[in-house]
>>> print(open('target.tsv').read())   # TSV, C-alpha atoms
chain	number	residue	atom	x	y	z
A	195	ALA	CA	22.43	-3.92	14.82
A	196	LEU	CA	25.58	-2.40	13.33
A	197	TYR	CA	23.67	0.78	12.49
A	198	SER	CA	22.42	1.07	16.07
A	199	ALA	CA	25.88	0.49	17.49
A	200	SER	CA	27.36	3.11	15.18
A	201	PHE	CA	24.81	5.91	15.46
A	202	ASP	CA	22.62	5.52	18.54
A	203	ASP	CA	24.61	8.23	20.32
A	204	ARG	CA	23.04	10.74	17.86
A	205	THR	CA	26.12	12.97	18.01
A	206	GLY	CA	27.57	14.83	15.06
A	207	SER	CA	24.49	14.42	12.86
A	208	GLN	CA	22.35	16.96	11.10
A	209	VAL	CA	18.65	16.21	10.72
A	210	ARG	CA	17.08	17.13	7.39
A	211	PRO	CA	13.88	16.11	5.56
A	212	LEU	CA	14.43	13.41	2.97
A	213	GLY	CA	12.91	15.68	0.33
A	214	ASP	CA	15.84	18.10	0.80
A	215	LEU	CA	18.39	15.35	0.32
A	216	ALA	CA	16.97	13.34	-2.54
A	217	GLU	CA	14.63	13.33	-5.50
A	218	VAL	CA	11.62	11.21	-4.51
A	219	VAL	CA	9.33	9.96	-7.28
A	220	SER	CA	6.66	7.32	-7.75
A	221	GLY	CA	6.70	4.99	-10.75
A	222	LEU	CA	4.64	3.70	-13.65
A	223	THR	CA	0.98	2.83	-13.20
A	224	LYS	CA	-0.10	-0.47	-14.74
A	225	GLY	CA	-3.13	-0.31	-16.99
A	226	ARG	CA	-2.69	3.33	-17.99
A	227	ARG	CA	-3.85	4.33	-21.48
A	228	LEU	CA	-1.16	4.27	-24.16
A	229	SER	CA	-3.33	4.25	-27.31
A	230	GLY	CA	-1.51	5.49	-30.40
A	231	GLN	CA	1.88	5.80	-28.67
A	232	GLU	CA	4.95	3.82	-29.64
A	233	THR	CA	6.01	1.57	-26.78
A	234	ARG	CA	8.28	-1.35	-25.97
A	235	LEU	CA	8.41	-3.98	-23.25
A	236	VAL	CA	10.90	-3.31	-20.45
A	237	PRO	CA	11.50	-4.94	-17.04
A	238	TYR	CA	10.12	-3.20	-13.97
A	239	LEU	CA	10.34	-3.60	-10.20
A	240	ALA	CA	7.15	-4.50	-8.36
A	241	VAL	CA	6.58	-4.64	-4.60
A	242	ALA	CA	7.53	-8.34	-4.44
A	243	ASN	CA	10.96	-7.58	-5.93
A	244	VAL	CA	11.91	-5.09	-3.19
A	245	GLN	CA	12.79	-6.64	0.15
A	246	ARG	CA	14.46	-5.12	3.20
A	247	GLY	CA	18.14	-4.75	2.33
A	248	ARG	CA	17.98	-6.86	-0.84
A	249	LEU	CA	16.28	-7.40	-4.18
A	250	GLU	CA	14.43	-10.54	-5.23
A	251	LEU	CA	14.96	-10.74	-8.98
A	252	ALA	CA	14.16	-14.39	-9.71
A	253	SER	CA	10.90	-13.23	-11.30
A	254	VAL	CA	10.89	-9.79	-12.92
A	255	LYS	CA	7.86	-8.79	-14.99
A	256	GLU	CA	7.77	-6.47	-17.99
A	257	ILE	CA	5.61	-3.46	-18.80
A	258	GLU	CA	4.81	-1.47	-21.94
A	259	ALA	CA	6.44	1.96	-21.77
A	260	THR	CA	7.11	4.89	-24.08
A	261	GLU	CA	10.61	6.22	-24.62
A	262	ALA	CA	9.73	9.28	-22.53
A	263	GLU	CA	8.58	7.04	-19.67
A	264	ILE	CA	11.70	4.92	-19.94
A	265	GLU	CA	13.83	8.04	-19.66
A	266	ARG	CA	11.84	9.29	-16.67
A	267	TYR	CA	11.52	6.08	-14.66
A	268	GLN	CA	14.75	4.23	-15.47
A	269	LEU	CA	16.64	3.22	-12.34
A	270	ARG	CA	20.27	4.24	-11.93
A	271	PRO	CA	22.93	2.67	-9.71
A	272	GLY	CA	22.75	4.35	-6.30
A	273	ASP	CA	18.98	4.82	-6.33
A	274	VAL	CA	17.21	3.62	-3.20
A	275	VAL	CA	13.94	1.83	-3.97
A	276	MET	CA	11.26	1.66	-1.27
A	277	THR	CA	7.81	0.10	-1.01
A	278	GLU	CA	4.76	2.29	-0.60
A	279	GLY	CA	2.77	-0.17	1.50
A	280	GLY	CA	1.95	-3.71	2.56
A	281	ASP	CA	1.88	-5.49	5.89
A	282	PRO	CA	2.68	-3.00	8.68
A	283	ASP	CA	5.91	-4.79	9.59
A	284	LYS	CA	7.11	-4.49	5.99
A	285	LEU	CA	6.11	-0.86	5.47
A	286	GLY	CA	8.77	1.29	3.79
A	287	ARG	CA	11.20	-1.56	3.26
A	288	GLY	CA	13.91	-0.79	0.74
A	289	THR	CA	17.34	-1.34	-0.68
A	290	VAL	CA	19.90	0.14	-3.07
A	291	TRP	CA	19.65	-0.48	-6.79
A	292	ARG	CA	23.13	-1.36	-8.04
A	293	GLY	CA	22.45	-1.83	-11.76
A	294	GLU	CA	21.47	-5.48	-11.43
A	295	LEU	CA	19.72	-5.25	-14.83
A	296	PRO	CA	20.86	-3.16	-17.82
A	297	LEU	CA	17.46	-1.46	-17.97
A	298	CYS	CA	14.74	-1.47	-15.34
A	299	LEU	CA	11.84	0.81	-14.40
A	300	HIS	CA	9.72	0.83	-11.23
A	301	GLN	CA	6.01	0.46	-10.56
A	302	ASN	CA	3.95	3.21	-8.95
A	303	HIS	CA	3.87	1.32	-5.62
A	304	ILE	CA	7.66	1.67	-5.49
A	305	PHE	CA	9.26	4.99	-4.57
A	306	ARG	CA	12.60	5.86	-6.14
A	307	VAL	CA	14.83	7.90	-3.85
A	308	ARG	CA	17.79	9.40	-5.68
A	309	PRO	CA	20.25	11.35	-3.46
A	310	VAL	CA	21.11	14.72	-4.99
A	311	ALA	CA	24.67	15.89	-5.52
A	312	GLY	CA	26.09	17.54	-2.43
A	313	SER	CA	23.48	16.02	-0.09
A	314	GLY	CA	26.18	14.30	1.98
A	315	ILE	CA	24.14	11.11	2.14
A	316	ASP	CA	25.47	7.73	0.96
A	317	PRO	CA	22.82	5.41	-0.56
A	318	THR	CA	23.97	2.39	1.47
A	319	TYR	CA	23.86	4.45	4.67
A	320	LEU	CA	20.34	5.56	3.71
A	321	GLU	CA	19.34	1.94	3.13
A	322	SER	CA	20.46	1.08	6.68
A	323	TYR	CA	18.83	4.20	8.11
A	324	ILE	CA	15.38	3.41	6.67
A	325	ALA	CA	15.62	-0.05	8.24
A	326	SER	CA	16.28	1.43	11.69
A	327	ARG	CA	13.77	1.31	14.54
A	328	GLU	CA	13.23	5.07	14.55
A	329	VAL	CA	12.31	5.20	10.85
A	330	ARG	CA	10.02	2.19	11.07
A	331	ALA	CA	8.28	3.89	14.01
A	332	TYR	CA	7.89	7.06	11.89
A	333	PHE	CA	6.31	5.11	9.03
A	334	LEU	CA	3.91	3.28	11.33
A	335	SER	CA	2.81	6.50	13.03
A	336	SER	CA	2.34	8.29	9.69
A	337	ALA	CA	0.81	5.48	7.64
A	338	LYS	CA	-2.77	5.07	6.57
A	339	GLN	CA	-3.88	1.64	7.80
A	340	THR	CA	-6.89	-0.39	6.67
A	341	THR	CA	-7.64	-4.09	7.31
A	342	GLY	CA	-4.04	-4.92	8.20
A	343	ILE	CA	-2.52	-3.05	5.23
A	344	ALA	CA	-0.49	0.12	5.74
A	345	SER	CA	0.70	2.67	3.21
A	346	ILE	CA	2.64	5.93	3.12
A	347	ASN	CA	2.38	8.69	0.56
A	348	MET	CA	5.05	10.78	-1.10
A	349	THR	CA	4.45	13.78	1.14
A	350	GLN	CA	5.07	11.67	4.26
A	351	LEU	CA	8.17	10.09	2.74
A	352	LYS	CA	9.64	13.45	1.74
A	353	ALA	CA	9.02	14.71	5.29
A	354	LEU	CA	10.97	11.79	6.83
A	355	PRO	CA	13.60	13.27	9.19
A	356	VAL	CA	16.96	11.88	8.09
A	357	ARG	CA	19.99	11.95	10.35
A	358	VAL	CA	23.03	12.80	8.26
A	359	PRO	CA	26.27	11.95	10.08
A	360	ALA	CA	29.59	13.43	9.02
A	361	SER	CA	31.06	11.79	5.93
A	362	ASP	CA	33.91	10.15	7.89
A	363	ARG	CA	31.44	8.45	10.26
A	364	GLN	CA	29.41	7.22	7.30
A	365	ARG	CA	32.58	5.88	5.67
A	366	LEU	CA	33.63	4.03	8.85
A	367	PHE	CA	30.16	2.49	9.12
A	368	LEU	CA	30.22	1.41	5.46
A	369	ASP	CA	33.69	-0.15	5.85
A	370	GLN	CA	32.47	-2.14	8.86
A	371	LEU	CA	29.36	-3.17	6.94
A	372	ASP	CA	31.45	-4.36	3.98
A	373	SER	CA	33.62	-6.41	6.34
A	374	ARG	CA	30.62	-8.13	7.94
A	375	GLN	CA	28.99	-8.81	4.59
A	376	ALA	CA	32.22	-10.43	3.37
A	377	LEU	CA	32.26	-12.67	6.46
A	378	ARG	CA	28.61	-13.53	5.88
A	379	ALA	CA	29.27	-14.42	2.23
A	380	ALA	CA	32.21	-16.64	3.22
A	381	ALA	CA	30.07	-18.40	5.84
A	382	GLN	CA	27.32	-18.96	3.25
A	383	ARG	CA	29.82	-20.46	0.79
A	384	SER	CA	31.08	-22.79	3.52
A	385	LEU	CA	27.53	-23.79	4.40
A	386	ASP	CA	26.71	-24.49	0.74
A	387	SER	CA	29.82	-26.67	0.47
A	388	LEU	CA	28.89	-28.60	3.61
A	389	ASP	CA	25.37	-29.15	2.29
A	390	GLU	CA	26.79	-30.58	-0.93
A	391	LEU	CA	29.13	-32.88	1.01
A	392	PHE	CA	26.31	-34.05	3.27
A	393	ALA	CA	24.06	-34.80	0.27
A	394	SER	CA	26.91	-36.79	-1.31
A	395	LEU	CA	27.46	-38.68	1.94
A	396	GLN	CA	23.75	-39.53	2.15
A	397	SER	CA	23.75	-40.78	-1.42
A	398	ARG	CA	26.78	-43.01	-0.85
A	399	ALA	CA	25.46	-44.28	2.49
A	400	PHE	CA	22.06	-45.33	1.13
A	401	SER	CA	23.58	-46.86	-2.01
A	402	GLY	CA	25.75	-49.16	0.10
A	403	GLN	CA	29.05	-47.45	-0.60
>>> encode(input="target.tsv", output="structure tokens")
Amino acid sequence: ALYSASFDDRTGSQVRPLGDLAEVVSGLTKGRRLSGQETRLVPYLAVANVQRGRLELASVKEIEATEAEIERYQLRPGDVVMTEGGDPDKLGRGTVWRGELPLCLHQNHIFRVRPVAGSGIDPTYLESYIASREVRAYFLSSAKQTTGIASINMTQLKALPVRVPASDRQRLFLDQLDSRQALRAAAQRSLDSLDELFASLQSRAFSGQ
């Protein structure tokens, strides 16, 4: 909603293909042959870990990888991770990787989008942009769909038209977003506290206190 309110006027924005703004790569394929190569177990992001606007890291699996693969597929803070497919309403969901784990790779069903220097695109702005109605409509119109499952390929993702507002408009949007997220976090803390108090009250009430 904040994104729409900030940028629906479409003024002052360039439109460029995502492939011109960022390095877009797929990840490691499970079950690939690694016979005779020295490997080690490292955490990796799967589709279930990448939600819209957040990461779900309660359960992170590990995968065997060579040092060369670790170097190639290691996530860096500021990378945007996006899902290749799934239910149509969840197609292309993504979020920013902020270094939540010291070392983490990504599976081949996860695209890593790494903005290039001088692109003028902020990763958090890009996260909000890919969640917008216009981008979701692009993915749905471009996707291959079979039996209720939709998927996009790298060519389609690189061709995604990205609106790039001026840096000051992006900065204003990000400041407003930070403010709302702080309010949301404070409200959640208050709710958690009230839940604890209510549970304590229930316990005392039913124990006759």
>>> atom_distance(input="target.tsv", atom1="atom CA of Pro237 of chain A", atom2="atom CA of Leu299 of chain A")
6.3 Å
>>> closest_residue(input="target.tsv", among="A:Ala311, A:Val274, A:Val329, A:Leu196", to="Val356 of chain A", atoms="only C-alpha atoms")
A:Val329
>>> closest_atom_pairs(input="target.tsv", of="segment 318-388 of chain A", to="segment 213-219 of chain A", cutoff="8 Å", atoms="only C-alpha atoms", output="CSV")
residue,atom,partner,partner_atom,distance
A:Met348,CA,A:Val218,CA,7.4
A:Leu351,CA,A:Gly213,CA,7.7
A:Lys352,CA,A:Gly213,CA,4.2
A:Ala353,CA,A:Gly213,CA,6.4
A:Leu354,CA,A:Gly213,CA,7.8
>>> closest_residue(input="target.tsv", among="A:Thr349, A:Thr277, A:Ser387, A:Thr340", to="Gln301 of chain A", atoms="all atoms listed in the file")
A:Thr277
>>> atom_distance(input="target.tsv", atom1="atom CA of Glu232 of chain A", atom2="atom CA of Glu261 of chain A")
7.9 Å
>>> residues_around(input="target.tsv", residues="Ala325 of chain A", least_positions_apart="3", cutoff="10 Å", atoms="all atoms listed in the file", output="PyMOL selection string")
chain A and resi 197+246-247+284-289+320-322+328-330
>>> write_last_selection(input="target.tsv", atoms="C-alpha atoms", output="PDB file, in the frame of the given file")
ATOM      1  CA  TYR A 197      23.670   0.780  12.490  1.00  0.00           C
ATOM      2  CA  ARG A 246      14.460  -5.120   3.200  1.00  0.00           C
ATOM      3  CA  GLY A 247      18.140  -4.750   2.330  1.00  0.00           C
ATOM      4  CA  LYS A 284       7.110  -4.490   5.990  1.00  0.00           C
ATOM      5  CA  LEU A 285       6.110  -0.860   5.470  1.00  0.00           C
ATOM      6  CA  GLY A 286       8.770   1.290   3.790  1.00  0.00           C
ATOM      7  CA  ARG A 287      11.200  -1.560   3.260  1.00  0.00           C
ATOM      8  CA  GLY A 288      13.910  -0.790   0.740  1.00  0.00           C
ATOM      9  CA  THR A 289      17.340  -1.340  -0.680  1.00  0.00           C
ATOM     10  CA  LEU A 320      20.340   5.560   3.710  1.00  0.00           C
ATOM     11  CA  GLU A 321      19.340   1.940   3.130  1.00  0.00           C
ATOM     12  CA  SER A 322      20.460   1.080   6.680  1.00  0.00           C
ATOM     13  CA  GLU A 328      13.230   5.070  14.550  1.00  0.00           C
ATOM     14  CA  VAL A 329      12.310   5.200  10.850  1.00  0.00           C
ATOM     15  CA  ARG A 330      10.020   2.190  11.070  1.00  0.00           C
TER      16      ARG A 330
END
>>> residues_near_point(input="target.tsv", point="(24.6, 6.2, 6.3)", cutoff="9 Å", atoms="only C-alpha atoms", output="compact mmCIF listing (two decimals) with C-alpha atoms, keeping the file's coordinate frame")
# COMPACT_ATOMS: atom_id res chain seq x y z
CA TYR A 197 23.67 0.78 12.49
CA ILE A 315 24.14 11.11 2.14
CA ASP A 316 25.47 7.73 0.96
CA PRO A 317 22.82 5.41 -0.56
CA THR A 318 23.97 2.39 1.47
CA TYR A 319 23.86 4.45 4.67
CA LEU A 320 20.34 5.56 3.71
CA GLU A 321 19.34 1.94 3.13
CA SER A 322 20.46 1.08 6.68
CA TYR A 323 18.83 4.20 8.11
CA ARG A 357 19.99 11.95 10.35
CA VAL A 358 23.03 12.80 8.26
CA PRO A 359 26.27 11.95 10.08
CA SER A 361 31.06 11.79 5.93
CA ARG A 363 31.44 8.45 10.26
CA GLN A 364 29.41 7.22 7.30
CA ARG A 365 32.58 5.88 5.67
CA PHE A 367 30.16 2.49 9.12
CA LEU A 368 30.22 1.41 5.46
>>> atom_distance(input="target.tsv", atom1="atom CA of Leu235 of chain A", atom2="atom CA of Glu294 of chain A")
17.7 Å
>>> axis_aligned_box(input="target.tsv", around="segment 228-233 of chain A", padding_each_side="5 Å", output="JSON")
{"center_x": 1.3, "center_y": 3.7, "center_z": -27.3, "size_x": 19.3, "size_y": 14.2, "size_z": 16.2}
>>> closest_residue(input="target.tsv", among="A:Asn347, A:Thr260, A:Gln268, A:Ser336", to="Gln231 of chain A", atoms="all atoms listed in the file")
A:Thr260
>>> closest_residue(input="target.tsv", among="A:Leu269, A:Ala344, A:Leu366, A:Leu297", to="Ser200 of chain A", atoms="all atoms listed in the file")
A:Leu366
>>> closest_residue(input="target.tsv", among="A:Arg266, A:Arg306, A:Val290, A:Gln350", to="Pro211 of chain A", atoms="all atoms listed in the file")
A:Gln350
>>> residues_around(input="target.tsv", residues="Thr233 of chain A", least_positions_apart="6", cutoff="10 Å", atoms="all atoms listed in the file", output="CSV table (one decimal) with C-alpha atoms, keeping the file's coordinate frame")
chain,number,residue,atom,x,y,z
A,257,ILE,CA,5.6,-3.5,-18.8
A,258,GLU,CA,4.8,-1.5,-21.9
A,259,ALA,CA,6.4,2.0,-21.8
A,260,THR,CA,7.1,4.9,-24.1
A,261,GLU,CA,10.6,6.2,-24.6
A,262,ALA,CA,9.7,9.3,-22.5
A,263,GLU,CA,8.6,7.0,-19.7
A,264,ILE,CA,11.7,4.9,-19.9
>>> closest_residue(input="target.tsv", among="A:Tyr238, A:Gln339, A:Gln245, A:Glu278", to="Leu295 of chain A", atoms="only C-alpha atoms")
A:Tyr238
>>> residues_around(input="target.tsv", residues="Ala240 of chain A", least_positions_apart="5", cutoff="8 Å", atoms="only C-alpha atoms", output="NGL selection string")
:A and (254-255 or 300-301 or 303-304)
>>> residues_around(input="target.tsv", residues="Asn302 of chain A", least_positions_apart="6", cutoff="6 Å", atoms="only C-alpha atoms", output="PDB file with C-alpha atoms, in the frame of the given file")
ATOM      1  CA  SER A 220       6.660   7.320  -7.750  1.00  0.00           C
ATOM      2  CA  GLY A 221       6.700   4.990 -10.750  1.00  0.00           C
ATOM      3  CA  LEU A 222       4.640   3.700 -13.650  1.00  0.00           C
ATOM      4  CA  THR A 223       0.980   2.830 -13.200  1.00  0.00           C
TER       5      THR A 223
END
>>> build_atoms(input="target.tsv", residues="segment 196-207 of chain A", atoms="all heavy atoms", output="PDB file, in the frame of the given file")
ATOM      1  N   LEU A 196      24.375  -3.203  13.548  1.00  0.00           N
ATOM      2  CA  LEU A 196      25.580  -2.400  13.330  1.00  0.00           C
ATOM      3  C   LEU A 196      25.217  -0.919  13.225  1.00  0.00           C
ATOM      4  O   LEU A 196      25.928  -0.064  13.763  1.00  0.00           O
ATOM      5  CB  LEU A 196      26.292  -2.856  12.048  1.00  0.00           C
ATOM      6  CG  LEU A 196      27.550  -2.068  11.663  1.00  0.00           C
ATOM      7  CD1 LEU A 196      28.599  -2.150  12.763  1.00  0.00           C
ATOM      8  CD2 LEU A 196      28.114  -2.581  10.339  1.00  0.00           C
ATOM      9  N   TYR A 197      24.100  -0.617  12.586  1.00  0.00           N
ATOM     10  CA  TYR A 197      23.670   0.780  12.490  1.00  0.00           C
ATOM     11  C   TYR A 197      23.424   1.346  13.888  1.00  0.00           C
ATOM     12  O   TYR A 197      23.872   2.452  14.205  1.00  0.00           O
ATOM     13  CB  TYR A 197      22.407   0.910  11.634  1.00  0.00           C
ATOM     14  CG  TYR A 197      21.883   2.327  11.605  1.00  0.00           C
ATOM     15  CD1 TYR A 197      22.354   3.230  10.662  1.00  0.00           C
ATOM     16  CD2 TYR A 197      20.969   2.780  12.555  1.00  0.00           C
ATOM     17  CE1 TYR A 197      21.936   4.549  10.656  1.00  0.00           C
ATOM     18  CE2 TYR A 197      20.535   4.094  12.561  1.00  0.00           C
ATOM     19  CZ  TYR A 197      21.021   4.969  11.616  1.00  0.00           C
ATOM     20  OH  TYR A 197      20.606   6.275  11.627  1.00  0.00           O
ATOM     21  N   SER A 198      22.718   0.601  14.712  1.00  0.00           N
ATOM     22  CA  SER A 198      22.420   1.070  16.070  1.00  0.00           C
ATOM     23  C   SER A 198      23.687   1.302  16.868  1.00  0.00           C
ATOM     24  O   SER A 198      23.825   2.302  17.576  1.00  0.00           O
ATOM     25  CB  SER A 198      21.511   0.063  16.784  1.00  0.00           C
ATOM     26  OG  SER A 198      20.260  -0.025  16.127  1.00  0.00           O
ATOM     27  N   ALA A 199      24.625   0.362  16.754  1.00  0.00           N
ATOM     28  CA  ALA A 199      25.880   0.490  17.490  1.00  0.00           C
ATOM     29  C   ALA A 199      26.694   1.689  17.024  1.00  0.00           C
ATOM     30  O   ALA A 199      27.411   2.317  17.802  1.00  0.00           O
ATOM     31  CB  ALA A 199      26.698  -0.785  17.336  1.00  0.00           C
ATOM     32  N   SER A 200      26.553   2.032  15.742  1.00  0.00           N
ATOM     33  CA  SER A 200      27.360   3.110  15.180  1.00  0.00           C
ATOM     34  C   SER A 200      26.769   4.493  15.406  1.00  0.00           C
ATOM     35  O   SER A 200      27.506   5.480  15.535  1.00  0.00           O
ATOM     36  CB  SER A 200      27.534   2.897  13.666  1.00  0.00           C
ATOM     37  OG  SER A 200      28.182   1.673  13.398  1.00  0.00           O
ATOM     38  N   PHE A 201      25.424   4.589  15.485  1.00  0.00           N
ATOM     39  CA  PHE A 201      24.810   5.910  15.460  1.00  0.00           C
ATOM     40  C   PHE A 201      23.787   6.188  16.560  1.00  0.00           C
ATOM     41  O   PHE A 201      23.164   7.251  16.555  1.00  0.00           O
ATOM     42  CB  PHE A 201      24.139   6.150  14.096  1.00  0.00           C
ATOM     43  CG  PHE A 201      25.087   6.075  12.935  1.00  0.00           C
ATOM     44  CD1 PHE A 201      25.026   5.012  12.054  1.00  0.00           C
ATOM     45  CD2 PHE A 201      26.040   7.054  12.737  1.00  0.00           C
ATOM     46  CE1 PHE A 201      25.889   4.931  10.974  1.00  0.00           C
ATOM     47  CE2 PHE A 201      26.918   6.985  11.659  1.00  0.00           C
ATOM     48  CZ  PHE A 201      26.846   5.912  10.774  1.00  0.00           C
ATOM     49  N   ASP A 202      23.620   5.284  17.492  1.00  0.00           N
ATOM     50  CA  ASP A 202      22.620   5.520  18.540  1.00  0.00           C
ATOM     51  C   ASP A 202      22.982   6.680  19.459  1.00  0.00           C
ATOM     52  O   ASP A 202      22.131   7.192  20.179  1.00  0.00           O
ATOM     53  CB  ASP A 202      22.395   4.244  19.367  1.00  0.00           C
ATOM     54  CG  ASP A 202      21.223   3.435  18.843  1.00  0.00           C
ATOM     55  OD1 ASP A 202      20.624   3.857  17.829  1.00  0.00           O
ATOM     56  OD2 ASP A 202      20.895   2.389  19.431  1.00  0.00           O
ATOM     57  N   ASP A 203      24.247   7.104  19.458  1.00  0.00           N
ATOM     58  CA  ASP A 203      24.610   8.230  20.320  1.00  0.00           C
ATOM     59  C   ASP A 203      24.082   9.560  19.778  1.00  0.00           C
ATOM     60  O   ASP A 203      24.047  10.567  20.489  1.00  0.00           O
ATOM     61  CB  ASP A 203      26.132   8.310  20.491  1.00  0.00           C
ATOM     62  CG  ASP A 203      26.869   8.487  19.161  1.00  0.00           C
ATOM     63  OD1 ASP A 203      26.205   8.568  18.103  1.00  0.00           O
ATOM     64  OD2 ASP A 203      28.102   8.560  19.197  1.00  0.00           O
ATOM     65  N   ARG A 204      23.669   9.575  18.506  1.00  0.00           N
ATOM     66  CA  ARG A 204      23.040  10.740  17.860  1.00  0.00           C
ATOM     67  C   ARG A 204      23.939  11.977  17.823  1.00  0.00           C
ATOM     68  O   ARG A 204      23.460  13.093  17.618  1.00  0.00           O
ATOM     69  CB  ARG A 204      21.720  11.103  18.558  1.00  0.00           C
ATOM     70  CG  ARG A 204      20.694   9.995  18.505  1.00  0.00           C
ATOM     71  CD  ARG A 204      19.449  10.351  19.272  1.00  0.00           C
ATOM     72  NE  ARG A 204      18.476   9.276  19.215  1.00  0.00           N
ATOM     73  CZ  ARG A 204      17.528   9.149  18.297  1.00  0.00           C
ATOM     74  NH1 ARG A 204      17.420  10.055  17.353  1.00  0.00           N
ATOM     75  NH2 ARG A 204      16.695   8.141  18.322  1.00  0.00           N
ATOM     76  N   THR A 205      25.220  11.812  18.030  1.00  0.00           N
ATOM     77  CA  THR A 205      26.120  12.970  18.010  1.00  0.00           C
ATOM     78  C   THR A 205      26.648  13.213  16.601  1.00  0.00           C
ATOM     79  O   THR A 205      26.808  12.282  15.812  1.00  0.00           O
ATOM     80  CB  THR A 205      27.307  12.754  18.958  1.00  0.00           C
ATOM     81  OG1 THR A 205      28.034  11.577  18.552  1.00  0.00           O
ATOM     82  CG2 THR A 205      26.831  12.590  20.388  1.00  0.00           C
ATOM     83  N   GLY A 206      26.941  14.474  16.323  1.00  0.00           N
ATOM     84  CA  GLY A 206      27.570  14.830  15.060  1.00  0.00           C
ATOM     85  C   GLY A 206      26.709  14.616  13.833  1.00  0.00           C
ATOM     86  O   GLY A 206      27.234  14.426  12.733  1.00  0.00           O
ATOM     87  N   SER A 207      25.383  14.632  13.990  1.00  0.00           N
ATOM     88  CA  SER A 207      24.490  14.420  12.860  1.00  0.00           C
ATOM     89  C   SER A 207      23.552  15.594  12.674  1.00  0.00           C
ATOM     90  O   SER A 207      22.975  16.093  13.645  1.00  0.00           O
ATOM     91  CB  SER A 207      23.652  13.139  13.050  1.00  0.00           C
ATOM     92  OG  SER A 207      24.463  11.991  13.108  1.00  0.00           O
TER      93      SER A 207
END
